[in-house]
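Working notes, beginning with the structure itself.
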Amino acid sequence: MLKEVEGIIISETNYGETSKIINILTKNGIVGVMAKGSKSLKSPLRSYTQKFTYGKFYLYYKENKLSILKSVDIINDLVNIKTNIELIGYMSYISDLTYQIMKQNNNEDLYNIYINAILKINDGLNAKIICNIVELKILDYLGVGINFNTCIKCGNTKNIVTINPDEGGYICKNCYTNEKIFDEKTIKMLRMYYLVDISSISDLKISDEVINNINNFINIYYERYTGLYLKSKKFLDTITT
């Protein structure tokens with residue numbers, strides 16, 4: 001059965017002398033595909049079976065088995081990302097995060113978050129901000145989402161003075177002890193990151209201080225609550241610090 005699948009190649013593995021096995025991240029999960037002869041110089045599939053190819057893949061589909069690739073229509077060549085080592089780092093990390101979740105949870109909303117983030121980075125929006133937005137949004141899918149409505153200790157909705165990554169949420173004036181104080185703008189923008197529809201973003205005007213505060217908060221939170229240790233994250237940290 002010939003089937004059209006939209007997605008992005010997130011990994012490729014050589015198979016024999018001339019073929020590849022590719023994994024495509026789609027709205028319905030990860031699809032494994034055999035690309036016969038795609039390593040050959042004369043193959044029409046050669047340029048379409050590389051990592052981070054975003055397109056419509058036409059497959060001889062096999063349920064729970066390797067499908068066979070027939071042809072590919074490119075949706076976006078993502079050339080701005082693929083020619084910038086830092087942006088490749090961000091895409092690799094976001095792809096790994098999404099892959100880890102979609103192995104267990106095939107969710108179209110998660111796929112849309114992923115695709116919209118990649119397209120916005122390719123369009124030139126601040127990659128660190130977009131990456132942090134994705135990181136916040138997918139916490140819910142990991143089962144460790146942040147409560148952006150009340151104090152994590154007492155449930156108070158007023159007099160919020162900071163947000164604590166170790167505690168996992170807001171701290172109000174009555175519950176505050178000696179936690180690090182994040183400024184009001186950082187607290188507000190963290191919530192905005194979580195709520196914003198990535199596809200609607202057209203401009204990002206946020207100070208470097210707030211951007212870095214949010215990134216540091218998220219790094220601490222991920223280390224504390226997610227249990228994810230990805231090589232792509234380590235690589236990203238080496239090229240952005």
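As shown in the structure tokens, the chain order sets the letters A, B, ...; within each chain, residues go from 1, and ligands are also counted from 1 in the order they appear.
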### Message
Env of Asn107 of chain A: 9 Å cut, atoms = only C-alpha atoms, seq-sep filter 5 positions within chain, self excluded. Answer as a count of residues only.
### Response
5
### Message
Quick one: residues within 12 Å of segment 217-227 of chain A, only C-alpha atoms, excluding same-chain residues fewer than 5 positions away - as a PyMOL selection string?
### Response
chain A and resi 97+100-101+128-129+131-146+162-169+180-182+186-187+189-190+193-194+210-212+233-234+237
### Task
Could you pull out the residues in segment 58-134 of chain A that DSSP calls strand (DSSP E or B) from the backbone, as an MDAnalysis selection string?
chainID A and resid 58:60 67:76
Selected residues written out with C-alpha atoms, as a short mmCIF file (atom, residue, chain, number, x, y, z; two decimals), in the first residue's frame:
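The resulting file, selection.cif, is shown below:
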```
data_model
loop_
_atom_site.label_atom_id
_atom_site.label_comp_id
_atom_site.auth_asym_id
_atom_site.auth_seq_id
_atom_site.Cartn_x
_atom_site.Cartn_y
_atom_site.Cartn_z
CA TYR A 58 5.85 8.26 -0.21
CA LEU A 59 6.18 4.78 1.24
CA TYR A 60 5.20 1.24 0.53
CA SER A 67 8.45 0.44 5.07
CA ILE A 68 10.07 0.97 1.67
CA LEU A 69 10.76 4.49 0.38
CA LYS A 70 9.49 5.27 -3.11
CA SER A 71 9.97 9.06 -3.43
CA VAL A 72 10.15 12.34 -1.49
CA ASP A 73 8.73 15.84 -1.98
CA ILE A 74 10.66 18.48 0.01
CA ILE A 75 8.44 20.78 2.10
CA ASN A 76 11.25 23.02 3.36
#
```
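Those residues of segment 8-106 of chain A that DSSP, working from the backbone, places in helix (DSSP H, G or I) are A:Arg46, A:Ser47, A:Tyr48, A:Val79, A:Asn80, A:Ile81, A:Lys82, A:Ile85, A:Glu86, A:Leu87, A:Ile88, A:Gly89, A:Tyr90, A:Met91, A:Ser92, A:Tyr93, A:Ile94, A:Ser95, A:Asp96, A:Leu97, A:Thr98, A:Tyr99, A:Gln100, A:Ile101, A:Met102.
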### Query
What separation in Å, quoted to one decimal, exists between atom CA of Ile10 of chain A and atom CA of Phe52 of chain A?
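Taking atom CA of Ile10 of chain A and atom CA of Phe52 of chain A, their separation equals 5.8 Å.
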### Task
Find the spatial neighbours of Glu12 of chain A, counting only C-alpha atoms, within a cut-off of 9 Å - ignore same-chain residues fewer than 4 positions away - and output them as a PyMOL selection string.
chain A and resi 20-23+49-51
### Query
With only C-alpha atoms as the basis for distance, which of A:Thr98, A:Met34, A:Ile8, A:Asn159 is at the shortest distance from Lys65 of chain A?
A:Met34
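The residue set within 7 Å of Val161 of chain A, counting only C-alpha atoms and dropping same-chain residues fewer than 2 places from it, reads Asn159, Ile171, Cys172 and Lys173 of chain A.
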Could those residues be written to a file, using C-alpha atoms, as a compact mmCIF listing (two decimals), in the first residue's frame?
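Listed below is the output, again03.txt:
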```
# COMPACT_ATOMS: atom_id res chain seq x y z
CA ASN A 159 2.23 37.79 46.41
CA ILE A 171 7.11 30.69 45.80
CA CYS A 172 4.90 33.25 47.52
CA LYS A 173 5.94 35.85 50.10
```
